[in-house]
Each structure stands twice: as structure tokens, then as C-alpha cells.
$ cat structure-v4.txt   # compact mmCIF, C-alpha atoms and all ligand atoms
# COMPACT_ATOMS: atom_id res chain seq x y z
CA MET A 1 -153.89 177.04 116.13
CA LYS A 2 -153.44 175.07 119.35
CA PRO A 3 -152.43 171.43 118.92
CA TYR A 4 -155.32 168.96 118.96
CA LYS A 5 -154.25 167.38 122.28
CA GLU A 6 -154.33 170.76 123.97
CA LEU A 7 -157.81 171.51 122.61
CA GLN A 8 -158.95 168.10 123.81
CA GLN A 9 -157.70 168.71 127.36
CA GLN A 10 -159.26 172.16 127.46
CA LEU A 11 -162.61 170.79 126.28
CA GLN A 12 -162.61 167.84 128.68
CA GLY A 13 -162.62 170.27 131.60
CA GLN A 14 -165.71 171.98 130.19
CA LEU A 15 -167.99 169.07 129.35
CA LYS A 16 -169.86 166.56 131.49
CA PRO A 17 -168.37 163.05 131.14
CA LYS A 18 -171.32 161.77 129.10
CA ARG A 19 -171.10 164.66 126.64
CA TYR A 20 -167.33 164.25 126.42
CA LYS A 21 -167.72 160.55 125.58
CA HIS A 22 -170.28 161.43 122.89
CA THR A 23 -167.82 164.01 121.55
CA LEU A 24 -165.00 161.48 121.23
CA GLY A 25 -167.41 159.18 119.39
CA VAL A 26 -168.22 162.02 116.98
CA VAL A 27 -164.49 162.68 116.45
CA ASP A 28 -163.86 159.03 115.51
CA CYS A 29 -166.82 158.91 113.12
CA ALA A 30 -165.94 162.28 111.59
CA VAL A 31 -162.33 161.22 110.93
CA GLU A 32 -163.49 157.94 109.42
CA MET A 33 -165.99 159.72 107.15
CA ALA A 34 -163.41 162.35 106.16
CA ASN A 35 -161.22 159.53 104.87
CA GLN A 36 -164.13 157.81 103.18
CA PHE A 37 -165.40 160.91 101.38
CA GLY A 38 -162.11 162.74 100.81
CA ALA A 39 -162.47 165.60 103.29
CA ASN A 40 -159.68 167.13 105.35
CA GLU A 41 -159.09 164.73 108.26
CA ALA A 42 -157.55 167.30 110.62
CA LYS A 43 -160.45 169.70 110.13
CA ALA A 44 -162.99 166.90 110.69
CA GLN A 45 -161.20 165.96 113.91
CA ILE A 46 -161.29 169.49 115.31
CA ALA A 47 -164.85 170.22 114.17
CA GLY A 48 -165.99 166.94 115.74
CA LEU A 49 -164.15 167.74 118.96
CA LEU A 50 -165.65 171.20 119.35
CA HIS A 51 -169.12 170.68 117.82
CA ASP A 52 -170.82 170.57 121.25
CA CYS A 53 -168.49 172.98 123.08
CA ALA A 54 -171.50 175.18 123.96
CA LYS A 55 -173.92 172.31 124.63
CA ASN A 56 -173.79 172.70 128.41
CA TYR A 57 -174.61 176.40 128.29
CA ALA A 58 -177.96 177.43 129.76
CA GLY A 59 -180.58 178.79 127.36
CA LYS A 60 -180.30 182.32 128.72
CA ASP A 61 -176.51 182.30 128.32
CA LEU A 62 -176.84 181.06 124.75
CA LEU A 63 -179.26 183.92 124.05
CA THR A 64 -176.97 186.48 125.70
CA ILE A 65 -173.92 185.38 123.71
CA ALA A 66 -175.96 185.17 120.50
CA SER A 67 -177.35 188.68 120.83
CA SER A 68 -174.04 190.24 121.85
CA SER A 69 -172.44 188.55 118.82
CA HIS A 70 -175.27 189.78 116.57
CA LEU A 71 -176.43 186.32 115.57
CA PRO A 72 -179.84 186.41 113.90
CA LEU A 73 -182.50 185.46 116.44
CA ASP A 74 -185.66 184.19 114.82
CA GLN A 75 -188.92 183.24 116.55
CA ILE A 76 -188.04 179.56 116.66
CA THR A 77 -184.61 180.12 118.14
CA LEU A 78 -186.10 182.37 120.81
CA LYS A 79 -188.48 179.58 121.80
CA GLU A 80 -185.84 176.84 121.50
CA PRO A 81 -182.57 178.47 122.59
CA GLN A 82 -180.80 175.09 122.66
CA LEU A 83 -180.76 175.31 118.86
CA LEU A 84 -178.17 178.04 119.43
CA HIS A 85 -175.55 175.68 120.82
CA GLY A 86 -174.33 175.25 117.24
CA PRO A 87 -173.95 178.91 116.22
CA VAL A 88 -172.80 179.92 119.72
CA GLY A 89 -170.45 176.92 119.71
CA ALA A 90 -168.75 178.41 116.66
CA ILE A 91 -168.26 181.70 118.54
CA VAL A 92 -166.88 179.86 121.57
CA ALA A 93 -164.61 177.78 119.33
CA GLN A 94 -163.23 181.01 117.92
CA ASN A 95 -162.91 182.99 121.14
CA LYS A 96 -161.95 180.32 123.67
CA TYR A 97 -160.26 177.66 121.54
CA GLY A 98 -158.63 179.94 118.98
CA ILE A 99 -160.19 178.34 115.89
CA GLN A 100 -160.07 180.66 112.87
CA ASP A 101 -160.82 178.23 110.07
CA GLU A 102 -164.18 179.17 108.45
CA GLU A 103 -164.93 175.63 107.32
CA ILE A 104 -164.53 174.25 110.85
CA LEU A 105 -166.52 177.12 112.39
CA ASN A 106 -169.37 176.63 109.90
CA ALA A 107 -169.51 172.88 110.51
CA ILE A 108 -169.85 173.60 114.24
CA ALA A 109 -172.40 176.38 113.69
CA TYR A 110 -174.71 174.31 111.49
CA HIS A 111 -174.41 170.86 113.07
CA THR A 112 -177.77 171.21 114.85
CA THR A 113 -180.01 172.43 112.04
CA GLY A 114 -178.05 171.91 108.85
CA ARG A 115 -178.26 174.65 106.21
CA LYS A 116 -178.81 175.17 102.52
CA ASN A 117 -175.83 174.11 100.38
CA MET A 118 -173.89 172.32 103.10
CA THR A 119 -170.17 171.74 102.61
CA LEU A 120 -168.75 168.23 102.79
CA LEU A 121 -167.43 169.00 106.29
CA ASP A 122 -170.89 170.29 107.38
CA LYS A 123 -172.42 167.01 106.23
CA ILE A 124 -169.78 164.88 107.94
CA ILE A 125 -170.21 166.57 111.32
CA TYR A 126 -174.00 166.59 111.01
CA LEU A 127 -174.03 162.84 110.33
CA ALA A 128 -171.25 161.85 112.76
CA ASP A 129 -173.32 163.47 115.52
CA PHE A 130 -176.18 161.07 114.72
CA ILE A 131 -174.27 157.84 114.21
CA GLU A 132 -171.45 157.86 116.79
CA PRO A 133 -171.31 154.52 118.66
CA GLY A 134 -173.07 155.87 121.78
CA ARG A 135 -176.22 156.75 119.83
CA ASP A 136 -179.18 154.42 120.22
CA TYR A 137 -182.55 155.32 118.71
CA PRO A 138 -184.96 153.75 116.22
CA GLY A 139 -183.42 154.07 112.76
CA VAL A 140 -179.79 154.56 113.85
CA GLU A 141 -178.64 151.31 112.18
CA LYS A 142 -180.30 152.26 108.91
CA LEU A 143 -178.55 155.64 109.02
CA ARG A 144 -175.18 154.00 109.85
CA LYS A 145 -175.61 151.75 106.81
CA ALA A 146 -176.51 154.76 104.62
CA CYS A 147 -173.31 156.50 105.79
CA GLU A 148 -171.23 153.51 104.70
CA LYS A 149 -172.42 153.95 101.11
CA ASP A 150 -170.83 156.35 98.62
CA ASP A 151 -173.62 158.93 98.52
CA ILE A 152 -173.33 161.21 101.55
CA ASP A 153 -176.28 163.31 100.34
CA ASN A 154 -178.61 160.32 100.60
CA ALA A 155 -177.44 159.75 104.17
CA CYS A 156 -178.09 163.43 104.99
CA ILE A 157 -181.58 163.32 103.45
CA LEU A 158 -182.37 160.28 105.59
CA ALA A 159 -181.07 162.01 108.73
CA PHE A 160 -183.07 165.19 107.98
CA SER A 161 -186.20 163.16 107.27
CA ASN A 162 -185.78 161.28 110.58
CA THR A 163 -185.32 164.55 112.45
CA ILE A 164 -188.27 166.29 110.81
CA ARG A 165 -190.50 163.25 111.35
CA TYR A 166 -189.50 163.06 115.02
CA ILE A 167 -190.03 166.76 115.71
CA ALA A 168 -193.39 166.62 113.94
CA SER A 169 -194.40 163.60 116.07
CA ILE A 170 -193.93 165.62 119.24
CA SER A 171 -195.53 168.71 117.65
CA GLY A 172 -192.25 170.59 118.00
CA LEU A 173 -190.90 173.57 116.10
CA ILE A 174 -188.87 172.69 113.02
CA HIS A 175 -186.18 175.24 112.19
CA PRO A 176 -186.49 176.50 108.59
CA ARG A 177 -182.77 175.87 108.04
CA THR A 178 -183.48 172.13 108.45
CA ILE A 179 -186.19 172.25 105.79
CA ASP A 180 -183.90 174.34 103.53
CA ALA A 181 -181.04 171.88 103.99
CA ARG A 182 -183.17 168.88 103.06
CA ASN A 183 -184.84 170.62 100.12
CA ALA A 184 -181.48 171.76 98.74
CA LEU A 185 -180.16 168.18 98.75
CA ILE A 186 -183.30 166.80 97.12
CA LEU A 187 -183.33 169.55 94.46
CA LYS A 188 -179.67 168.79 93.73
CA LYS A 189 -180.63 165.14 93.10
CA ILE A 190 -183.57 166.08 90.87
CA ASN A 191 -181.38 168.43 88.82
CA GLN A 192 -178.50 165.99 88.44
FE FE B 201 -174.95 169.33 119.30
FE FE B 202 -173.38 166.28 119.54
$ encode --input "structure-v4.txt" --output "C-alpha cells"
Amino acid sequence: MKPYKELQQQLQGQLKPKRYKHTLGVVDCAVEMANQFGANEAKAQIAGLLHDCAKNYAGKDLLTIASSSHLPLDQITLKEPQLLHGPVGAIVAQNKYGIQDEEILNAIAYHTTGRKNMTLLDKIIYLADFIEPGRDYPGVEKLRKACEKDDIDNACILAFSNTIRYIASISGLIHPRTIDARNALILKKINQ
């Protein structure tokens, strides 16, 4: 695998300055949370760095890459191709940045929607994306506070609830993986 600094330089040339700044914020938060929750710090750093590596791609390019890579294309994804910047990001991370690690690739792939039975690294990247210092939206402080506590699942449930509530308020399409992710975490709590 390429050294982190090299990946960082390569990525910087690909992202708009605002997106790059957001990315560095996600890296810092992801590393901090990896230490807090006992995840692999180096993996969190790389997953955070590359999570939005396909964010600047146009919808039609995301669809082209997704179909040539045989990614499943459901109705919702076809209508909202930007949802693909996660799964396509994982393909780009593999092909352009040389990342082979499954855990890192999955955290990139599922950072937009979440998924059922998320790994600790999935959860860290999902949350870091929402709480990095550049983020400013109603409820961000409450989510930051939830992330400081010991229960990362509670923080994820709050983030999923915020997302679902927001998408519902604009009558948008909610990806079933987001519902599955939230339900899985709540079921885990009930069954504990
Ligand atoms: Fe993203
Ligand atoms: Fe992001």
C-alpha cells in the first residue's frame, strides 16, 4: 500500500478545496474515534481520507462505473446516483489508490447509506462524516456529544434518525440500506 502522505497528495489533486478540507476534518475525527473506541487508527485514517474520493464524479459517470463494476443498481440509486459515490468510491480507492483492505473499502462503500451489521470502522467513518468541525446543521452539537460517549451504536442511531427525518421532510427517497442499518442497531439493543 502507498504511504499515507502519498495518498493524501494524490487525493488533493482530485478534490475541490472545500471537499478536501471536509476530508481532512473527517480524517481527524476518524482517528480520534478509532482511539476512543479501539479501532485500527491507520485504517481509520485511510478510510477517512478516501471516503469521498468519488464525490466529485458526475451522476452519469458514477452510473457508468457502477454498472461496469457490476454494482447492484436499485430503483433508488438510479434516481439518486450521488448515493453511488460511496460504493464507487470503494472501487476508485482500489483501482486508483491501490487500497486492498476489505475493511477500509467497506467503510468507504457504506459511508453514505450505512448497512446492516456495520463494522466498527463503518460506524466511525459514517459518524466522522457528520461531525467533522466544518459541519454546521441543526443537531450537529447533539450528535458530537453522543459521539463523545461510550456507546457508538447510540450515536449511529441518532445520526440515522436525523438523516431519515431530514430526507422525509423534503419528501426524498430513503435508501433501504439506511433503514436496515438503523433497524439492525435498534434490534441489537433490544436483544442485549
Ligand atoms: Fe460522502
Ligand atoms: Fe464526506
$ closest_residue --input "structure-v4.txt" --among "A:Arg19, A:Lys43, A:Lys79, A:Lys188" --to "ligand FE 201 (chain B)" --atoms "only C-alpha atoms and all ligand atoms"
A:Arg19
$ residues_around --input "structure-v4.txt" --residues "Leu173 in chain A" --least-positions-apart "3" --cutoff "10 Å" --atoms "all atoms listed in the file" --output "VMD selection string"
chain A and resid 75 to 77 79 to 80 164 167 to 168 170 176
$ closest_atom_pairs --input "structure-v4.txt" --of "range 5-119 of chain A" --to "range 142-155 of chain A" --cutoff "10 Å" --atoms "all atoms listed in the file" --output "JSON lines"
{"residue": "A:Met33", "atom": "CA", "partner": "A:Cys147", "partner_atom": "CA", "distance": 8.1}
{"residue": "A:Gln36", "atom": "CA", "partner": "A:Asp150", "partner_atom": "CA", "distance": 8.2}
{"residue": "A:Phe37", "atom": "CA", "partner": "A:Asp150", "partner_atom": "CA", "distance": 7.6}
{"residue": "A:Met118", "atom": "CA", "partner": "A:Asp153", "partner_atom": "CA", "distance": 9.7}
$ residues_near_point --input "structure-v4.txt" --point "(-164.3, 178.9, 123.0)" --cutoff "10 Å" --atoms "all atoms listed in the file" --output "compact mmCIF listing (two decimals) with C-alpha atoms, keeping the file's coordinate frame"
# COMPACT_ATOMS: atom_id res chain seq x y z
CA LEU A 7 -157.81 171.51 122.61
CA GLN A 10 -159.26 172.16 127.46
CA LEU A 11 -162.61 170.79 126.28
CA LEU A 50 -165.65 171.20 119.35
CA CYS A 53 -168.49 172.98 123.08
CA ALA A 54 -171.50 175.18 123.96
CA VAL A 88 -172.80 179.92 119.72
CA GLY A 89 -170.45 176.92 119.71
CA ALA A 90 -168.75 178.41 116.66
CA ILE A 91 -168.26 181.70 118.54
CA VAL A 92 -166.88 179.86 121.57
CA ALA A 93 -164.61 177.78 119.33
CA GLN A 94 -163.23 181.01 117.92
CA ASN A 95 -162.91 182.99 121.14
CA LYS A 96 -161.95 180.32 123.67
CA TYR A 97 -160.26 177.66 121.54
CA GLY A 98 -158.63 179.94 118.98
CA ILE A 99 -160.19 178.34 115.89
$ residues_near_ligand --input "structure-v4.txt" --ligand "ligand FE 201 (chain B)" --cutoff "9 Å" --atoms "all atoms listed in the file" --output "list in words"
His51, Asp52, Cys53, Ala54, Lys55, Gln82, Leu83, His85, Gly86, Gly89, Ile108, His111, Thr112, Tyr126 and Asp129 of chain A
$ atom_distance --input "structure-v4.txt" --atom1 "CA of Glu103 in chain A" --atom2 "CA of Ala39 in chain A"
11.1 Å
$ closest_residue --input "structure-v4.txt" --among "A:His70, A:Arg135, A:Lys60, A:Lys116" --to "ligand FE 202 (chain B)" --atoms "all atoms listed in the file"
A:Arg135
$ atom_distance --input "structure-v4.txt" --atom1 "CA of Gly48 in chain A" --atom2 "CA of Phe130 in chain A"
11.8 Å
$ closest_residue --input "structure-v4.txt" --among "A:Gln100, A:Ser67, A:Gln192, A:Thr23" --to "Ile131 in chain A" --atoms "only C-alpha atoms"
A:Thr23
$ atom_distance --input "structure-v4.txt" --atom1 "CA of Glu132 in chain A" --atom2 "CA of Tyr4 in chain A"
19.7 Å
$ closest_residue --input "structure-v4.txt" --among "A:Gly134, A:Gly114, A:Gly139, A:Gly38" --to "Ala181 in chain A" --atoms "only C-alpha atoms"
A:Gly114
$ closest_residue --input "structure-v4.txt" --among "A:Leu187, A:Ala34, A:Leu73, A:Ala66" --to "Lys123 in chain A" --atoms "all atoms listed in the file"
A:Ala34
$ residues_around --input "structure-v4.txt" --residues "Lys21 in chain A" --least-positions-apart "4" --cutoff "10 Å" --atoms "only C-alpha atoms" --output "count of residues only"
10
$ closest_residue --input "structure-v4.txt" --among "A:Leu49, A:Ala58, A:Arg177, A:Glu41" --to "ligand FE 202 (chain B)" --atoms "only C-alpha atoms and all ligand atoms"
A:Leu49
$ decode --input "structure-v4.txt" --residues "range 9-123 of chain A" --atoms "C-alpha atoms" --output "PDB file, in the first residue's frame"
ATOM      1  CA  GLN A   9      -1.150  14.272  -2.235  1.00  0.00           C
ATOM      2  CA  GLN A  10      -2.821  12.200  -4.924  1.00  0.00           C
ATOM      3  CA  LEU A  11      -6.262  12.916  -3.477  1.00  0.00           C
ATOM      4  CA  GLN A  12      -5.656  16.641  -3.035  1.00  0.00           C
ATOM      5  CA  GLY A  13      -5.208  16.977  -6.791  1.00  0.00           C
ATOM      6  CA  GLN A  14      -8.593  15.333  -7.356  1.00  0.00           C
ATOM      7  CA  LEU A  15     -10.858  17.178  -4.933  1.00  0.00           C
ATOM      8  CA  LYS A  16     -12.149  20.741  -4.815  1.00  0.00           C
ATOM      9  CA  PRO A  17     -10.591  22.695  -1.917  1.00  0.00           C
ATOM     10  CA  LYS A  18     -13.823  22.681   0.107  1.00  0.00           C
ATOM     11  CA  ARG A  19     -14.222  18.914  -0.235  1.00  0.00           C
ATOM     12  CA  TYR A  20     -10.554  18.391   0.605  1.00  0.00           C
ATOM     13  CA  LYS A  21     -10.926  20.464   3.788  1.00  0.00           C
ATOM     14  CA  HIS A  22     -14.000  18.423   4.756  1.00  0.00           C
ATOM     15  CA  THR A  23     -11.971  15.264   4.099  1.00  0.00           C
ATOM     16  CA  LEU A  24      -9.148  16.325   6.418  1.00  0.00           C
ATOM     17  CA  GLY A  25     -11.763  17.073   9.089  1.00  0.00           C
ATOM     18  CA  VAL A  26     -13.159  13.560   8.647  1.00  0.00           C
ATOM     19  CA  VAL A  27      -9.640  12.083   8.923  1.00  0.00           C
ATOM     20  CA  ASP A  28      -9.036  13.870  12.249  1.00  0.00           C
ATOM     21  CA  CYS A  29     -12.391  12.814  13.682  1.00  0.00           C
ATOM     22  CA  ALA A  30     -11.992   9.244  12.432  1.00  0.00           C
ATOM     23  CA  VAL A  31      -8.537   8.901  14.016  1.00  0.00           C
ATOM     24  CA  GLU A  32      -9.812  10.343  17.284  1.00  0.00           C
ATOM     25  CA  MET A  33     -12.780   7.959  17.328  1.00  0.00           C
ATOM     26  CA  ALA A  34     -10.579   4.990  16.404  1.00  0.00           C
ATOM     27  CA  ASN A  35      -8.548   5.685  19.534  1.00  0.00           C
ATOM     28  CA  GLN A  36     -11.649   6.221  21.633  1.00  0.00           C
ATOM     29  CA  PHE A  37     -13.389   3.019  20.537  1.00  0.00           C
ATOM     30  CA  GLY A  38     -10.367   0.781  19.967  1.00  0.00           C
ATOM     31  CA  ALA A  39     -10.373   0.557  16.171  1.00  0.00           C
ATOM     32  CA  ASN A  40      -7.306   0.444  13.937  1.00  0.00           C
ATOM     33  CA  GLU A  41      -6.051   4.036  13.699  1.00  0.00           C
ATOM     34  CA  ALA A  42      -4.199   3.614  10.387  1.00  0.00           C
ATOM     35  CA  LYS A  43      -7.255   2.097   8.712  1.00  0.00           C
ATOM     36  CA  ALA A  44      -9.495   4.877  10.062  1.00  0.00           C
ATOM     37  CA  GLN A  45      -7.066   7.461   8.691  1.00  0.00           C
ATOM     38  CA  ILE A  46      -7.049   5.981   5.183  1.00  0.00           C
ATOM     39  CA  ALA A  47     -10.794   5.293   5.088  1.00  0.00           C
ATOM     40  CA  GLY A  48     -11.452   8.876   6.221  1.00  0.00           C
ATOM     41  CA  LEU A  49      -9.056  10.232   3.613  1.00  0.00           C
ATOM     42  CA  LEU A  50     -10.618   8.338   0.718  1.00  0.00           C
ATOM     43  CA  HIS A  51     -14.293   8.244   1.787  1.00  0.00           C
ATOM     44  CA  ASP A  52     -15.282  10.994  -0.681  1.00  0.00           C
ATOM     45  CA  CYS A  53     -12.754  10.181  -3.429  1.00  0.00           C
ATOM     46  CA  ALA A  54     -15.637   9.773  -5.924  1.00  0.00           C
ATOM     47  CA  LYS A  55     -17.736  12.653  -4.586  1.00  0.00           C
ATOM     48  CA  ASN A  56     -16.890  14.982  -7.469  1.00  0.00           C
ATOM     49  CA  TYR A  57     -17.900  12.456 -10.118  1.00  0.00           C
ATOM     50  CA  ALA A  58     -20.941  13.336 -12.218  1.00  0.00           C
ATOM     51  CA  GLY A  59     -24.035  11.168 -11.793  1.00  0.00           C
ATOM     52  CA  LYS A  60     -23.662   9.603 -15.224  1.00  0.00           C
ATOM     53  CA  ASP A  61     -20.033   8.681 -14.537  1.00  0.00           C
ATOM     54  CA  LEU A  62     -20.995   7.122 -11.216  1.00  0.00           C
ATOM     55  CA  LEU A  63     -23.637   5.054 -13.021  1.00  0.00           C
ATOM     56  CA  THR A  64     -21.196   4.019 -15.752  1.00  0.00           C
ATOM     57  CA  ILE A  65     -18.541   2.880 -13.277  1.00  0.00           C
ATOM     58  CA  ALA A  66     -21.152   1.155 -11.118  1.00  0.00           C
ATOM     59  CA  SER A  67     -22.623  -0.826 -13.993  1.00  0.00           C
ATOM     60  CA  SER A  68     -19.252  -1.787 -15.469  1.00  0.00           C
ATOM     61  CA  SER A  69     -18.197  -2.978 -11.998  1.00  0.00           C
ATOM     62  CA  HIS A  70     -21.463  -4.918 -11.604  1.00  0.00           C
ATOM     63  CA  LEU A  71     -22.630  -2.988  -8.564  1.00  0.00           C
ATOM     64  CA  PRO A  72     -26.302  -3.631  -7.827  1.00  0.00           C
ATOM     65  CA  LEU A  73     -28.366  -0.742  -9.188  1.00  0.00           C
ATOM     66  CA  ASP A  74     -31.717  -0.434  -7.477  1.00  0.00           C
ATOM     67  CA  GLN A  75     -34.532   1.991  -8.340  1.00  0.00           C
ATOM     68  CA  ILE A  76     -33.469   4.487  -5.698  1.00  0.00           C
ATOM     69  CA  THR A  77     -29.847   4.535  -6.767  1.00  0.00           C
ATOM     70  CA  LEU A  78     -30.895   5.075 -10.381  1.00  0.00           C
ATOM     71  CA  LYS A  79     -32.903   8.126  -9.319  1.00  0.00           C
ATOM     72  CA  GLU A  80     -30.242   9.376  -6.882  1.00  0.00           C
ATOM     73  CA  PRO A  81     -26.908   8.426  -8.464  1.00  0.00           C
ATOM     74  CA  GLN A  82     -24.999  10.536  -5.916  1.00  0.00           C
ATOM     75  CA  LEU A  83     -25.708   7.729  -3.440  1.00  0.00           C
ATOM     76  CA  LEU A  84     -23.196   5.776  -5.509  1.00  0.00           C
ATOM     77  CA  HIS A  85     -20.241   7.943  -4.522  1.00  0.00           C
ATOM     78  CA  GLY A  86     -19.720   5.541  -1.611  1.00  0.00           C
ATOM     79  CA  PRO A  87     -19.723   2.212  -3.471  1.00  0.00           C
ATOM     80  CA  VAL A  88     -17.969   3.734  -6.499  1.00  0.00           C
ATOM     81  CA  GLY A  89     -15.521   5.420  -4.113  1.00  0.00           C
ATOM     82  CA  ALA A  90     -14.526   1.968  -2.884  1.00  0.00           C
ATOM     83  CA  ILE A  91     -13.828   0.892  -6.485  1.00  0.00           C
ATOM     84  CA  VAL A  92     -11.804   4.045  -7.132  1.00  0.00           C
ATOM     85  CA  ALA A  93      -9.910   3.554  -3.852  1.00  0.00           C
ATOM     86  CA  GLN A  94      -8.991   0.079  -5.036  1.00  0.00           C
ATOM     87  CA  ASN A  95      -8.141   0.871  -8.651  1.00  0.00           C
ATOM     88  CA  LYS A  96      -6.582   4.330  -8.400  1.00  0.00           C
ATOM     89  CA  TYR A  97      -5.220   4.421  -4.855  1.00  0.00           C
ATOM     90  CA  GLY A  98      -4.232   0.768  -4.540  1.00  0.00           C
ATOM     91  CA  ILE A  99      -6.284   0.011  -1.419  1.00  0.00           C
ATOM     92  CA  GLN A 100      -6.867  -3.726  -0.960  1.00  0.00           C
ATOM     93  CA  ASP A 101      -8.036  -3.846   2.633  1.00  0.00           C
ATOM     94  CA  GLU A 102     -11.682  -5.048   2.735  1.00  0.00           C
ATOM     95  CA  GLU A 103     -12.467  -3.225   5.963  1.00  0.00           C
ATOM     96  CA  ILE A 104     -11.319   0.120   4.545  1.00  0.00           C
ATOM     97  CA  LEU A 105     -13.106  -0.477   1.230  1.00  0.00           C
ATOM     98  CA  ASN A 106     -16.367  -1.368   3.005  1.00  0.00           C
ATOM     99  CA  ALA A 107     -16.204   1.699   5.244  1.00  0.00           C
ATOM    100  CA  ILE A 108     -15.844   3.845   2.109  1.00  0.00           C
ATOM    101  CA  ALA A 109     -18.580   1.956   0.249  1.00  0.00           C
ATOM    102  CA  TYR A 110     -21.179   2.272   3.010  1.00  0.00           C
ATOM    103  CA  HIS A 111     -20.407   5.729   4.403  1.00  0.00           C
ATOM    104  CA  THR A 112     -23.367   7.300   2.578  1.00  0.00           C
ATOM    105  CA  THR A 113     -26.166   4.879   3.422  1.00  0.00           C
ATOM    106  CA  GLY A 114     -24.845   2.691   6.204  1.00  0.00           C
ATOM    107  CA  ARG A 115     -25.696  -1.015   6.060  1.00  0.00           C
ATOM    108  CA  LYS A 116     -26.985  -3.849   8.184  1.00  0.00           C
ATOM    109  CA  ASN A 117     -24.431  -5.107  10.731  1.00  0.00           C
ATOM    110  CA  MET A 118     -21.914  -2.297  10.330  1.00  0.00           C
ATOM    111  CA  THR A 119     -18.341  -2.877  11.463  1.00  0.00           C
ATOM    112  CA  LEU A 120     -16.743  -0.541  13.993  1.00  0.00           C
ATOM    113  CA  LEU A 121     -14.810   1.122  11.153  1.00  0.00           C
ATOM    114  CA  ASP A 122     -18.042   1.572   9.116  1.00  0.00           C
ATOM    115  CA  LYS A 123     -19.610   3.329  12.100  1.00  0.00           C
TER     116      LYS A 123
END
